[in-house]
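Peer 1: My file is data-v2.csv. It has CSV, C-alpha atoms:
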```csv
chain,number,residue,atom,x,y,z
A,1,GLU,CA,0.0,0.0,0.0
A,2,VAL,CA,1.2,3.5,-0.9
A,3,ARG,CA,-0.3,6.4,0.9
A,4,ASN,CA,0.1,10.1,0.1
A,5,LEU,CA,3.6,9.5,-1.4
A,6,SER,CA,5.4,12.7,-2.6
A,7,PHE,CA,9.0,12.9,-3.8
A,8,SER,CA,11.3,15.5,-5.3
A,9,TYR,CA,14.8,15.7,-6.7
A,10,GLY,CA,15.9,19.0,-5.1
A,11,GLU,CA,13.4,21.6,-6.2
A,12,HIS,CA,12.0,19.4,-8.9
A,13,LEU,CA,8.8,17.7,-7.6
A,14,VAL,CA,8.4,14.3,-9.3
A,15,LEU,CA,5.6,12.6,-7.4
A,16,THR,CA,2.7,14.3,-5.7
A,17,ASP,CA,0.3,12.7,-3.2
A,18,VAL,CA,0.3,9.2,-4.9
A,19,SER,CA,-1.9,6.6,-3.2
A,20,PHE,CA,-2.9,3.1,-4.3
A,21,THR,CA,-3.2,-0.5,-3.0
A,22,ALA,CA,-2.1,-3.6,-4.9
A,23,ARG,CA,-3.6,-6.9,-3.7
A,24,PRO,CA,-2.6,-10.6,-4.0
A,25,GLY,CA,-3.7,-12.1,-7.3
A,26,GLU,CA,-3.9,-8.7,-9.0
A,27,PHE,CA,-2.1,-7.3,-12.0
A,28,LEU,CA,-1.7,-3.6,-11.6
A,29,SER,CA,-0.3,-1.4,-14.4
A,30,VAL,CA,1.2,2.0,-13.7
A,31,LEU,CA,0.6,3.8,-17.0
A,32,GLY,CA,2.1,7.0,-18.2
A,33,PRO,CA,4.5,8.5,-20.7
A,34,ASN,CA,8.3,8.5,-20.1
A,35,GLY,CA,9.4,11.0,-17.5
A,36,VAL,CA,6.1,11.0,-15.6
A,37,GLY,CA,7.7,9.4,-12.4
A,38,LYS,CA,7.0,5.7,-12.9
A,39,SER,CA,10.6,4.5,-12.2
A,40,THR,CA,10.9,7.0,-9.3
A,41,LEU,CA,7.8,5.5,-7.8
A,42,PHE,CA,9.4,2.0,-8.0
A,43,ARG,CA,12.6,3.3,-6.4
A,44,CYS,CA,10.6,4.6,-3.5
A,45,VAL,CA,8.7,1.4,-3.1
A,46,LEU,CA,11.9,-0.6,-3.2
A,47,GLY,CA,13.5,1.6,-0.5
A,48,LEU,CA,16.2,2.9,-2.9
A,49,LEU,CA,14.9,6.4,-2.4
A,50,ARG,CA,14.0,7.2,1.2
A,51,ASP,CA,13.6,11.0,1.3
A,52,TYR,CA,9.9,10.9,0.4
A,53,SER,CA,6.9,11.9,2.4
A,54,GLY,CA,4.0,9.5,2.9
A,55,ASP,CA,4.1,5.8,3.7
A,56,VAL,CA,4.8,2.6,1.8
A,57,THR,CA,3.9,-0.7,3.5
A,58,VAL,CA,4.2,-4.3,2.4
A,59,GLY,CA,2.3,-6.9,4.3
A,60,GLY,CA,1.6,-4.3,6.9
A,61,SER,CA,5.3,-3.4,7.5
A,62,ASN,CA,6.6,0.0,6.7
A,63,ILE,CA,9.5,-0.5,4.3
A,64,LYS,CA,11.7,2.1,6.1
A,65,SER,CA,11.8,-0.4,9.0
A,66,LEU,CA,12.9,-3.3,6.9
A,67,SER,CA,16.5,-4.5,6.1
A,68,VAL,CA,17.5,-5.3,2.5
A,69,ARG,CA,17.3,-9.0,3.3
A,70,ASP,CA,13.8,-8.6,4.8
A,71,MET,CA,12.7,-6.6,1.7
A,72,SER,CA,14.0,-9.3,-0.6
A,73,LYS,CA,11.6,-11.8,1.0
A,74,LEU,CA,8.7,-9.5,0.2
A,75,ILE,CA,9.4,-7.9,-3.1
A,76,ALA,CA,11.2,-9.1,-6.2
A,77,TYR,CA,12.2,-6.5,-8.8
A,78,ILE,CA,12.6,-7.2,-12.6
A,79,PRO,CA,14.4,-4.3,-14.3
A,80,GLN,CA,13.6,-3.0,-17.8
A,81,SER,CA,16.8,-4.6,-19.3
A,82,SER,CA,19.6,-6.7,-17.9
A,83,SER,CA,23.1,-7.7,-19.0
A,84,SER,CA,25.9,-9.7,-17.5
A,85,ALA,CA,29.5,-8.9,-17.7
A,86,PHE,CA,30.4,-12.6,-17.6
A,87,ASN,CA,29.4,-15.6,-19.7
A,88,TYR,CA,26.9,-17.0,-17.2
A,89,SER,CA,24.3,-19.6,-18.3
A,90,VAL,CA,20.6,-19.0,-17.9
A,91,PHE,CA,20.6,-21.6,-15.1
A,92,ASP,CA,23.3,-19.6,-13.2
A,93,ILE,CA,21.5,-16.3,-13.7
A,94,VAL,CA,18.3,-17.6,-12.2
A,95,LEU,CA,20.3,-19.4,-9.4
A,96,MET,CA,21.6,-16.0,-8.3
A,97,GLY,CA,18.0,-15.1,-7.3
A,98,THR,CA,18.2,-17.7,-4.4
A,99,THR,CA,21.2,-16.0,-2.7
A,100,SER,CA,19.2,-13.3,-1.0
A,101,GLY,CA,18.6,-15.6,2.0
A,102,PHE,CA,22.1,-17.0,2.2
A,103,SER,CA,24.7,-16.3,4.9
A,104,THR,CA,28.0,-14.9,3.6
A,105,PHE,CA,29.8,-18.2,2.9
A,106,ARG,CA,26.9,-20.5,2.0
A,107,THR,CA,26.7,-22.0,-1.5
A,108,PRO,CA,23.6,-23.1,-3.3
A,109,ARG,CA,22.4,-26.6,-2.5
A,110,LYS,CA,20.0,-29.1,-4.1
A,111,ALA,CA,16.9,-27.3,-2.7
A,112,GLU,CA,18.0,-24.0,-4.5
A,113,LYS,CA,18.8,-25.8,-7.7
A,114,ASP,CA,15.5,-27.6,-7.7
A,115,ARG,CA,13.8,-24.2,-7.2
A,116,VAL,CA,15.6,-23.0,-10.3
A,117,ASP,CA,14.4,-26.0,-12.3
A,118,TRP,CA,10.8,-25.2,-11.1
A,119,ALA,CA,11.1,-21.5,-12.2
A,120,LEU,CA,12.5,-22.3,-15.6
A,121,GLN,CA,9.7,-24.8,-16.2
A,122,LYS,CA,7.1,-22.3,-15.1
A,123,MET,CA,8.4,-19.7,-17.5
A,124,GLY,CA,8.7,-22.3,-20.3
A,125,ILE,CA,12.4,-21.9,-20.8
A,126,THR,CA,13.8,-25.2,-19.4
A,127,HIS,CA,15.4,-25.8,-22.8
A,128,LEU,CA,17.5,-22.7,-22.3
A,129,ALA,CA,19.1,-23.7,-19.0
A,130,GLN,CA,22.6,-24.2,-20.3
A,131,ARG,CA,22.5,-21.5,-23.0
A,132,CYS,CA,24.6,-18.4,-22.5
A,133,PHE,CA,22.5,-15.5,-21.3
A,134,HIS,CA,24.1,-13.3,-24.0
A,135,ARG,CA,23.0,-15.6,-26.7
A,136,ILE,CA,19.3,-15.8,-26.2
A,137,SER,CA,16.6,-13.3,-27.5
A,138,GLY,CA,15.4,-10.3,-25.6
A,139,GLY,CA,12.1,-12.0,-24.8
A,140,GLU,CA,13.9,-15.0,-23.5
A,141,ARG,CA,16.2,-12.9,-21.3
A,142,GLN,CA,13.2,-11.2,-19.8
A,143,LEU,CA,11.6,-14.5,-19.0
A,144,CYS,CA,14.9,-15.5,-17.4
A,145,MET,CA,14.8,-12.4,-15.2
A,146,ILE,CA,11.3,-13.2,-14.2
A,147,ALA,CA,12.4,-16.7,-13.3
A,148,ARG,CA,15.2,-15.3,-11.2
A,149,ALA,CA,12.6,-13.1,-9.3
A,150,LEU,CA,10.4,-16.1,-8.7
A,151,VAL,CA,13.1,-18.1,-6.9
A,152,GLN,CA,13.3,-15.3,-4.3
A,153,LYS,CA,9.8,-16.6,-3.2
A,154,ALA,CA,8.6,-13.0,-2.7
A,155,PRO,CA,4.9,-12.5,-3.0
A,156,VAL,CA,5.2,-9.1,-4.8
A,157,LEU,CA,6.7,-8.7,-8.2
A,158,LEU,CA,7.7,-5.3,-9.6
A,159,LEU,CA,8.4,-5.1,-13.3
A,160,ASP,CA,9.8,-1.9,-14.8
A,161,GLU,CA,8.5,-1.8,-18.4
A,162,PRO,CA,9.0,-5.5,-19.0
A,163,THR,CA,8.2,-5.4,-22.7
A,164,ALA,CA,10.4,-2.4,-23.6
A,165,SER,CA,12.5,-3.0,-26.7
A,166,LEU,CA,10.8,-6.4,-27.5
A,167,ASP,CA,9.1,-7.2,-30.7
A,168,PHE,CA,5.4,-7.7,-30.7
A,169,GLY,CA,5.5,-11.5,-30.4
A,170,ASN,CA,7.9,-11.4,-27.4
A,171,GLN,CA,5.8,-8.7,-25.8
A,172,ILE,CA,2.7,-10.9,-25.9
A,173,LEU,CA,4.7,-13.9,-24.7
A,174,VAL,CA,6.1,-12.0,-21.7
A,175,LEU,CA,2.8,-10.4,-20.7
A,176,THR,CA,0.9,-13.7,-21.0
A,177,GLN,CA,3.4,-15.2,-18.5
A,178,ILE,CA,3.1,-12.3,-16.2
A,179,ARG,CA,-0.7,-12.4,-16.3
A,180,SER,CA,-0.6,-16.1,-15.3
A,181,LEU,CA,1.6,-15.3,-12.3
A,182,ALA,CA,-1.1,-12.8,-11.1
A,183,GLU,CA,-3.7,-15.5,-11.5
A,184,GLU,CA,-1.6,-17.8,-9.3
A,185,GLY,CA,-1.8,-15.3,-6.4
A,186,TYR,CA,1.2,-13.0,-6.9
A,187,THR,CA,0.8,-9.3,-6.5
A,188,VAL,CA,2.1,-8.0,-9.8
A,189,ILE,CA,2.8,-4.3,-10.5
A,190,GLN,CA,4.3,-3.2,-13.9
A,191,THR,CA,5.2,0.2,-15.3
A,192,THR,CA,4.3,0.8,-18.9
A,193,HIS,CA,3.6,3.5,-21.5
A,194,ASP,CA,1.6,1.2,-23.7
A,195,PRO,CA,-2.2,1.7,-23.3
A,196,GLN,CA,-3.1,-1.3,-25.5
A,197,HIS,CA,-1.1,-3.8,-23.5
A,198,THR,CA,-2.4,-2.2,-20.3
A,199,TYR,CA,-6.0,-2.8,-21.1
A,200,MET,CA,-5.4,-6.3,-22.6
A,201,PHE,CA,-3.7,-7.8,-19.6
A,202,SER,CA,-4.2,-5.7,-16.4
A,203,ASP,CA,-6.9,-6.0,-13.7
A,204,ARG,CA,-6.5,-2.3,-12.7
A,205,VAL,CA,-4.7,0.7,-14.1
A,206,LEU,CA,-3.0,3.5,-12.2
A,207,ALA,CA,-2.6,6.4,-14.7
A,208,LEU,CA,0.0,9.0,-13.9
A,209,LYS,CA,0.3,12.5,-15.3
A,210,ASP,CA,2.8,15.1,-14.1
A,211,GLY,CA,3.5,13.0,-11.1
A,212,ARG,CA,-0.1,12.7,-10.0
A,213,VAL,CA,-2.7,10.0,-10.1
A,214,LEU,CA,-5.4,10.7,-12.7
A,215,THR,CA,-8.9,10.1,-11.2
```
Represent the structure contained in this file as C-alpha cells.
Peer 2:
Amino acid sequence: EVRNLSFSYGEHLVLTDVSFTARPGEFLSVLGPNGVGKSTLFRCVLGLLRDYSGDVTVGGSNIKSLSVRDMSKLIAYIPQSSSSAFNYSVFDIVLMGTTSGFSTFRTPRKAEKDRVDWALQKMGITHLAQRCFHRISGGERQLCMIARALVQKAPVLLLDEPTASLDFGNQILVLTQIRSLAEEGYTVIQTTHDPQHTYMFSDRVLALKDGRVLT
C-alpha cells in the first residue's frame, strides 16, 4: 500500500500525493509517458529512495523499518533490461536469485537448484538452462529475469516496463506469463507507457500524469 507519497529531486517535484493499493492475485499497471515518475515510484517502493513523504507498506510493514534482506523476502524486482559482464548460463543467472537468503559463505544446495528448475519450467524456458545469457533473445532474457525473481519466493513482483525493446511476439509472450503469475496469487505491478497492453492484460490501471494519479 502506498499512501500520500510525494518525492522531489531537489526543487523538482516528481511525485505528488500518490496513493494506491495492490492486492494478492492482482495485475496492476502503472501507466504514463516517459518522465512521468513511474521509475521513481518504484525506487521509493523498493526503498532505494527514502527521502519521500508519505508511507509505503508491504504486508503491513513500513519499508523504512525493513532491512535489505527482509525486503528481498517480500518484493522481487525485474528491471527494464539486464546484462551480465560474464558468460553465465541461464541456469546460473536464475540461481543468483536464491542468494538473498544466504549467509555470507553459504553456497547453493540441491533445494535451491530444484527451485531454479521449477522457475525455468514455469516460464517455459527449461530448454535454455545451459545456454549463454548473452546468446538468447530479448524476450527469453526477460523470462529468465522473471524466473530469477520467482526463486526469491517473494509475493510481490515489480516489473519496470517488462516489454520495452521487445518485438510484438515477445511482448505478448512475456505479458501472458506475467498475467498467469497474477492468476496464481502473486501481486504483480508493472510500469508501462503502452495503453493497448495495459488494457489487454491488467486488472487495474494507475494512470500518472505530471507525477499525480489521474482520477
Peer 1: For CA of His12 (chain A) and CA of Thr192 (chain A), determine how far apart the two atoms are, in Å to one decimal place.
Peer 2: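 Separation of CA of His12 (chain A) and CA of Thr192 (chain A): 22.5 Å.
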Peer 1: So the first atom is CA of Val116 (chain A) and the second is CA of Leu150 (chain A); what is the distance between them in Å, to one decimal place?
Peer 2: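 Between CA of Val116 (chain A) and CA of Leu150 (chain A) the gap is 8.8 Å.
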Peer 1: To one decimal place in Å, what is the distance between CA of Ser6 (chain A) and CA of Val30 (chain A)?
Peer 2: 16.0 Å
Peer 1: List every protein, DNA or RNA residue that has an atom no more than 9 Å from (7.6, 14.3, -7.5) in the file's coordinate frame, counting all atoms listed in the file, and report them as a list of chain:residue names.
Peer 2: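 Residues with an atom close enough to that point: A:Leu5, A:Ser6, A:Phe7, A:Ser8, A:Tyr9, A:His12, A:Leu13, A:Val14, A:Leu15, A:Thr16, A:Asp17, A:Val36, A:Gly37, A:Thr40, A:Leu41, A:Tyr52, A:Asp210, A:Gly211, A:Arg212.
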Peer 1: Between A:Ser67, A:Thr98, A:Ser19, A:Thr191, which one has atoms that come closest to Lys153 (chain A), using only C-alpha atoms?
Peer 2: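 Smallest distance to Lys153 (chain A) is found for A:Thr98.
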